[in-house]
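Undergrad: Right, I'll just put the structure down here and ask away after.
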Amino acid sequence: MGGNWGRILEVDLTQRSVRDLEPDEQLYRDYLGGSGLAARLFFDRRGWEADPLSPENPLLIMLGPLSGLNLPGVSRLEICARSPLTGIWGESCMGGHFAPQLKRTGYDGIIVTGASDKPVYLWVTDEGAEIRDASHLWGRDTYETEDILKTEAGDKRAQVMCIGLAGENLVKYANVMNDRGSTAGRCGMGAVMGSKKLKAVVARGGRKPPIADEDGYKKIRERLGEVLKFSMVAESFGAYGTNVGMEFGMAMGDVPTKNWREAYWEAGREKLGGVAVAETILTRTHSCYGCPVGCKRIVEVDSGPYALEEGPGSEYETAAALGTLQRLDSVEANHKANEMCNRYGMDTISAGGSIAYAIEAFEEGLIVEADTGGIKLGWNQPETLLLLIDKIAQREGFGDELAEGVRSMSGKYGGEEFAIHVKGLECPMHDPRAMWGLALTYATSVRGACHVSDANLFADYGITDHRDLGAKRSWPYRAKGKAAQTVASQEKGSVANSAIICLIAWASEGGAMRDMMEMLNPVTGFAYDVDELARVGDRIWFIKRAIGNLCGATRQDDRLPARIIEPHVEGTTSYLTMAAFPTMMSMLPMGKLRVDKLRDVLANFQMKVLVPNMNKLLRSQRNLPGFRGHMKRLEAGEAEEIKRRTVPFDDMLQEYYRLRDIDGRGRPSRKVLESLGMGEVAKELHG
């Protein structure tokens, strides 16, 4: 068996003991690694019976067979547990530089149980593991903690993943940080670490990860490297970061603004978009270990109230969640908010969603100054935004309420209709009204609202398709085929998060399951075919769905807030789409020299002309007769046009249930679980 070591570190913080676990090889073949193997191990330990913040909740830090290799986008790991924010299965993927070092220690992951009575950190090398005192680190932010532990390690190659004040104070959406700007952001995994008094994990290894077929591995690495050279998707992310999405997303109505109320806000793109960052505060770019895409931004603000030293810039999700969602028009304030969240160790999506909900509730009179401690909430108030982030991390005053998340606050204050979450997880910054596939993505995701547990976002953008899995192309504003597209997207997403590979890198390469097969087979030696990999993806998805059911989730939880499937409260947007634009070049029928020259010309045109003007190009479609007529009818409030603009969610969901064989209580059927070799899961779920 290649790719995996066949060894997992088990740590009991209550007993202060460590030991090695050696899973059967068939488990690796059936669940790959990452979040797939984590889900199986969580099920076997009956993790759903534990309170999320109790010592009994197992925390799984898991690598996949691709983690830490020299393939694009595989410097990743998954952190999994029962989520304190949602109460169901929680998982969060992290890039950066930590995973390769952990891989080199000879472990496939770490299972942490119990809880320490004082702060500790875990030191892991290829010689074993130690539980060490972290009392001197408690209260330190993530940047300070990383610097101190690297100094203590005495080896600049040692890598650190850690929590900040938010995790220590059990903020329900506290995250885990490494490399300063790389996060396991969602579901509150930092709070789980905090509940165990686990401040950090330090890894330094020297072992070479096992490869079953070195020649085959070299061939696929070289081929995918060539593909990326001609990927306009990779080129765009490299030039402007993940926030390149702001340039065309705002025109499409894909960028949530003013708590998902406003259809289009020009200033948001102009002030916060990837092009604006590149022209103002960008100092250089950065990448996760071994990745040629280089989508990370390094920025600096020299002076003023939002000055910050050179460091990680906002990703797209943060530019929106702590920017457009607040109707904030200051790129400097947005990046200061990002830095604060990074240092405190706090998910920017949930923090932004919680604050945006509170602002609207304040405007509606549901939350008053007596609740906020005299703070007047409102849109585009950067000083207030930064103050609230600080109070959330400290759990001070009204920050203690915000630290519980949108679902908890709306249950107390009301305003459920504008509390934008699914299953308790605040929605990420892509709008289902712009791409209907996201409606099913959010509703049926195994961890709550999530855009990276499947590949629907890239399919609706037109970057990838799933014909390789038998799912025909479904256009962004069409219900037909969305259920089948979502099933195929979830199969790919489940494999990606278990293998583990960044979805951006995989999509830049084309997003085909055959490419995944050709990466996994020489590494693992398992000789998968495409059908078996799709079956692995199904197995992983269904066990996570079953865990959610065992935690109490039913069909009633597969719902979306009406606000994000009905026309915008303020303003209108046309049926604009990126799907018609050619965004990727993977093959050109020319000689190498001419291809390279053409590639340079096209890349220069895209980066200098097309991307900076994509908003204007898309918005110009509004003046076409067909588009303009629909716009006028929507602005006039005609019932038929409103119906046409409302996502036909229920119809798509029922078709999805049929394809997935989900019963009336929201559970996978006994038949489908048994067909995937999970009879014990079927028995536990159905009795």
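Numbering starts fresh at 1 for the residues of each chain in the structure tokens, the chains themselves are lettered A, B, ... in the order given, and ligands are numbered from 1 as they appear.
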Using DSSP on the backbone coordinates, identify all residues within range 323-516 of chain A classified as helix (DSSP H, G or I); present the result as a VMD selection string.
TA: chain A and resid 324 to 326 331 to 344 348 to 363 369 to 372 382 to 394 399 to 402 406 to 413 416 to 418 437 to 444 456 to 461 467 to 469 482 to 499 503 to 509 513 to 516
Undergrad: Neighbouring residues of Lys544 in chain A were defined as those with any atom within 12 Å, considering only C-alpha atoms; residues of the same chain fewer than 5 positions away were excluded. Please report them as a ChimeraX atom specification.
TA: /A:31,35-43,47-48,80-82,88-91,444-448,453,490,494,537-539,549-551,553,667-668,673,678,681,685
Undergrad: Using only C-alpha atoms, find the one residue out of A:Cys93, A:Met246, A:Val368, A:Ala319 that sits nearest to Gly493 in chain A.
TA: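 Closest to Gly493 in chain A, using only C-alpha atoms: A:Cys93.
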Undergrad: Take CA of Thr113 in chain A and CA of Gln15 in chain A and report the distance between them in Å, one decimal.
TA: 9.5 Å
Undergrad: What residues in range 115-339 of chain A get the DSSP label strand (DSSP E)? Please answer as number ranges by chain.
TA: A: 120-125, 128-133, 159-162, 176-178, 182-184, 198-204, 282-286, 296-301, 308-312
Undergrad: Can you pull out every residue within 12 Å of range 405-409 of chain A, counting only C-alpha atoms, but drop anything in the same chain fewer than 3 positions away, and send it as a ChimeraX atom specification?
TA: /A:84-87,170-174,186-188,259,346-361,366-367,371,392,398-402,412-427,448,561
Undergrad: Return the single residue from A:Leu386, A:Tyr240, A:Ala267, A:Asp141 that is closest to Lys608 in chain A, with distances computed using only C-alpha atoms.
TA: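 Counting only C-alpha atoms, the residue closest to Lys608 in chain A is A:Tyr240.
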Undergrad: Could you name the residues that touch Met340 in chain A at 8 Å or less, counting only C-alpha atoms, but leaving out those on the same chain fewer than 2 positions away, as a PyMOL selection string?
TA: chain A and resi 336-338+342-344+386+389-390
Undergrad: Can you work out the spacing between CA of Met232 in chain A and CA of Val601 in chain A in Å, to one decimal?
TA: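 Between CA of Met232 in chain A and CA of Val601 in chain A the gap works out to 11.7 Å.
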Undergrad: Hey, what's within 12 Å of Ala129 in chain A if we count only C-alpha atoms and toss same-chain stuff fewer than 6 positions away? As a list in words, please?
TA: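 Once the adjacent positions are removed, what remains is Ile8, Leu9, Glu10, Val11, Asp12, Arg16, Ser17, Val18, Arg19, Asp20, Leu102, Thr105, Gly106, Tyr107, Ile110, Tyr121, Leu122, Trp123, Val201, Val202, Ala203, Arg204 and Gly205 of chain A.
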Undergrad: CA of Ala200 in chain A and CA of Leu69 in chain A, how far apart in Å?
TA: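 The value is 23.5 Å.
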Undergrad: May I have the residues within 10 Å of Asn57 in chain A as a PDB file with N, CA and C atoms, in the first residue's frame, using only C-alpha atoms and disregarding those fewer than 2 positions away in the same chain?
TA:
ATOM      1  N   PHE A  42     -14.664   7.884  13.120  1.00  0.00           N
ATOM      2  CA  PHE A  42     -15.611   8.574  14.002  1.00  0.00           C
ATOM      3  C   PHE A  42     -16.830   7.693  14.260  1.00  0.00           C
ATOM      4  N   ARG A  45     -16.156   4.844  16.612  1.00  0.00           N
ATOM      5  CA  ARG A  45     -16.012   5.303  17.999  1.00  0.00           C
ATOM      6  C   ARG A  45     -17.312   5.899  18.544  1.00  0.00           C
ATOM      7  N   ARG A  46     -18.378   5.798  17.790  1.00  0.00           N
ATOM      8  CA  ARG A  46     -19.693   6.304  18.180  1.00  0.00           C
ATOM      9  C   ARG A  46     -19.607   7.779  18.594  1.00  0.00           C
ATOM     10  N   GLY A  47     -18.892   8.549  17.761  1.00  0.00           N
ATOM     11  CA  GLY A  47     -18.659   9.947  18.094  1.00  0.00           C
ATOM     12  C   GLY A  47     -19.911  10.780  18.181  1.00  0.00           C
ATOM     13  N   TRP A  48     -20.987  10.354  17.508  1.00  0.00           N
ATOM     14  CA  TRP A  48     -22.231  11.126  17.545  1.00  0.00           C
ATOM     15  C   TRP A  48     -22.862  11.158  18.932  1.00  0.00           C
ATOM     16  N   GLU A  49     -22.441  10.268  19.819  1.00  0.00           N
ATOM     17  CA  GLU A  49     -23.007  10.230  21.168  1.00  0.00           C
ATOM     18  C   GLU A  49     -22.374  11.270  22.085  1.00  0.00           C
ATOM     19  N   ALA A  50     -21.265  11.872  21.664  1.00  0.00           N
ATOM     20  CA  ALA A  50     -20.537  12.814  22.511  1.00  0.00           C
ATOM     21  C   ALA A  50     -21.004  14.241  22.280  1.00  0.00           C
ATOM     22  N   ASP A  51     -21.086  15.012  23.353  1.00  0.00           N
ATOM     23  CA  ASP A  51     -21.293  16.449  23.217  1.00  0.00           C
ATOM     24  C   ASP A  51     -20.085  17.034  22.494  1.00  0.00           C
ATOM     25  N   PRO A  52     -20.298  17.978  21.573  1.00  0.00           N
ATOM     26  CA  PRO A  52     -19.175  18.489  20.781  1.00  0.00           C
ATOM     27  C   PRO A  52     -18.015  19.052  21.596  1.00  0.00           C
ATOM     28  N   LEU A  53     -18.300  19.644  22.744  1.00  0.00           N
ATOM     29  CA  LEU A  53     -17.237  20.249  23.544  1.00  0.00           C
ATOM     30  C   LEU A  53     -16.854  19.387  24.744  1.00  0.00           C
ATOM     31  N   SER A  54     -17.222  18.122  24.710  1.00  0.00           N
ATOM     32  CA  SER A  54     -16.866  17.202  25.788  1.00  0.00           C
ATOM     33  C   SER A  54     -15.557  16.490  25.471  1.00  0.00           C
ATOM     34  N   PRO A  55     -14.888  15.950  26.485  1.00  0.00           N
ATOM     35  CA  PRO A  55     -13.657  15.192  26.230  1.00  0.00           C
ATOM     36  C   PRO A  55     -13.876  13.991  25.320  1.00  0.00           C
ATOM     37  N   LEU A  59     -11.383  14.175  18.044  1.00  0.00           N
ATOM     38  CA  LEU A  59     -10.881  15.134  17.072  1.00  0.00           C
ATOM     39  C   LEU A  59      -9.916  14.396  16.155  1.00  0.00           C
ATOM     40  N   LEU A  60     -10.209  14.411  14.847  1.00  0.00           N
ATOM     41  CA  LEU A  60      -9.404  13.659  13.890  1.00  0.00           C
ATOM     42  C   LEU A  60      -8.686  14.610  12.943  1.00  0.00           C
ATOM     43  N   ALA A  81     -14.617  16.449  13.501  1.00  0.00           N
ATOM     44  CA  ALA A  81     -15.176  16.155  14.818  1.00  0.00           C
ATOM     45  C   ALA A  81     -16.668  16.468  14.750  1.00  0.00           C
ATOM     46  N   ARG A  82     -17.388  16.183  15.804  1.00  0.00           N
ATOM     47  CA  ARG A  82     -18.756  16.689  15.892  1.00  0.00           C
ATOM     48  C   ARG A  82     -18.683  18.185  16.140  1.00  0.00           C
ATOM     49  N   SER A  83     -19.393  18.948  15.315  1.00  0.00           N
ATOM     50  CA  SER A  83     -19.243  20.404  15.321  1.00  0.00           C
ATOM     51  C   SER A  83     -19.983  21.051  16.488  1.00  0.00           C
ATOM     52  N   VAL A 112      -7.371  12.578  18.524  1.00  0.00           N
ATOM     53  CA  VAL A 112      -7.213  13.150  19.861  1.00  0.00           C
ATOM     54  C   VAL A 112      -8.514  12.953  20.632  1.00  0.00           C
ATOM     55  N   THR A 113      -8.419  12.304  21.776  1.00  0.00           N
ATOM     56  CA  THR A 113      -9.569  12.147  22.672  1.00  0.00           C
ATOM     57  C   THR A 113      -9.202  12.680  24.045  1.00  0.00           C
ATOM     58  N   GLY A 114     -10.222  12.755  24.909  1.00  0.00           N
ATOM     59  CA  GLY A 114      -9.988  13.254  26.252  1.00  0.00           C
ATOM     60  C   GLY A 114      -9.788  14.750  26.277  1.00  0.00           C
ATOM     61  N   ALA A 115      -9.360  15.254  27.435  1.00  0.00           N
ATOM     62  CA  ALA A 115      -9.090  16.681  27.602  1.00  0.00           C
ATOM     63  C   ALA A 115      -8.052  16.843  28.695  1.00  0.00           C
ATOM     64  N   VAL A 192     -13.189  22.886  19.407  1.00  0.00           N
ATOM     65  CA  VAL A 192     -12.977  21.515  19.881  1.00  0.00           C
ATOM     66  C   VAL A 192     -11.568  21.382  20.450  1.00  0.00           C
ATOM     67  N   SER A 195     -11.535  23.118  23.808  1.00  0.00           N
ATOM     68  CA  SER A 195     -12.199  22.361  24.871  1.00  0.00           C
ATOM     69  C   SER A 195     -11.294  21.271  25.435  1.00  0.00           C
ATOM     70  N   LYS A 196     -10.334  20.833  24.630  1.00  0.00           N
ATOM     71  CA  LYS A 196      -9.391  19.808  25.069  1.00  0.00           C
ATOM     72  C   LYS A 196      -8.109  20.420  25.635  1.00  0.00           C
TER      73      LYS A 196
END
Undergrad: Please build the interface table for range 175-230 of chain A against range 62-68 of chain A with a cut-off of 12 Å, listing for each qualifying residue the nearest atom pair and the distance in Å to one decimal; count only C-alpha atoms, order rows by chain and increasing number, and write it as CSV.
TA:
residue,atom,partner,partner_atom,distance
A:Gly205,CA,A:Gly68,CA,11.5
A:Arg207,CA,A:Gly68,CA,11.4
A:Lys208,CA,A:Gly68,CA,9.9
A:Pro209,CA,A:Gly68,CA,8.0
A:Pro210,CA,A:Pro65,CA,9.1
A:Ile211,CA,A:Pro65,CA,9.3
A:Ala212,CA,A:Pro65,CA,11.0
A:Tyr217,CA,A:Leu66,CA,10.8
A:Arg221,CA,A:Leu66,CA,11.6
Undergrad: Ranking A:Lys391, A:Lys156, A:Arg7, A:His630 by minimum distance to Gly128 in chain A and counting only C-alpha atoms, which one comes first?
TA: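 With only C-alpha atoms as the atom set, the closest residue is A:Arg7.
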Undergrad: Could you make a table, as JSON lines, of the residues of range 455-490 of chain A that have an atom within 9 Å of an atom of range 519-534 of chain A, each with its nearest atom pair and distance in Å to one decimal, counting only C-alpha atoms, in chain and number order?
TA:
{"residue": "A:Asp468", "atom": "CA", "partner": "A:Val530", "partner_atom": "CA", "distance": 8.4}
{"residue": "A:Leu469", "atom": "CA", "partner": "A:Ala534", "partner_atom": "CA", "distance": 7.7}
{"residue": "A:Ala488", "atom": "CA", "partner": "A:Ala534", "partner_atom": "CA", "distance": 8.0}
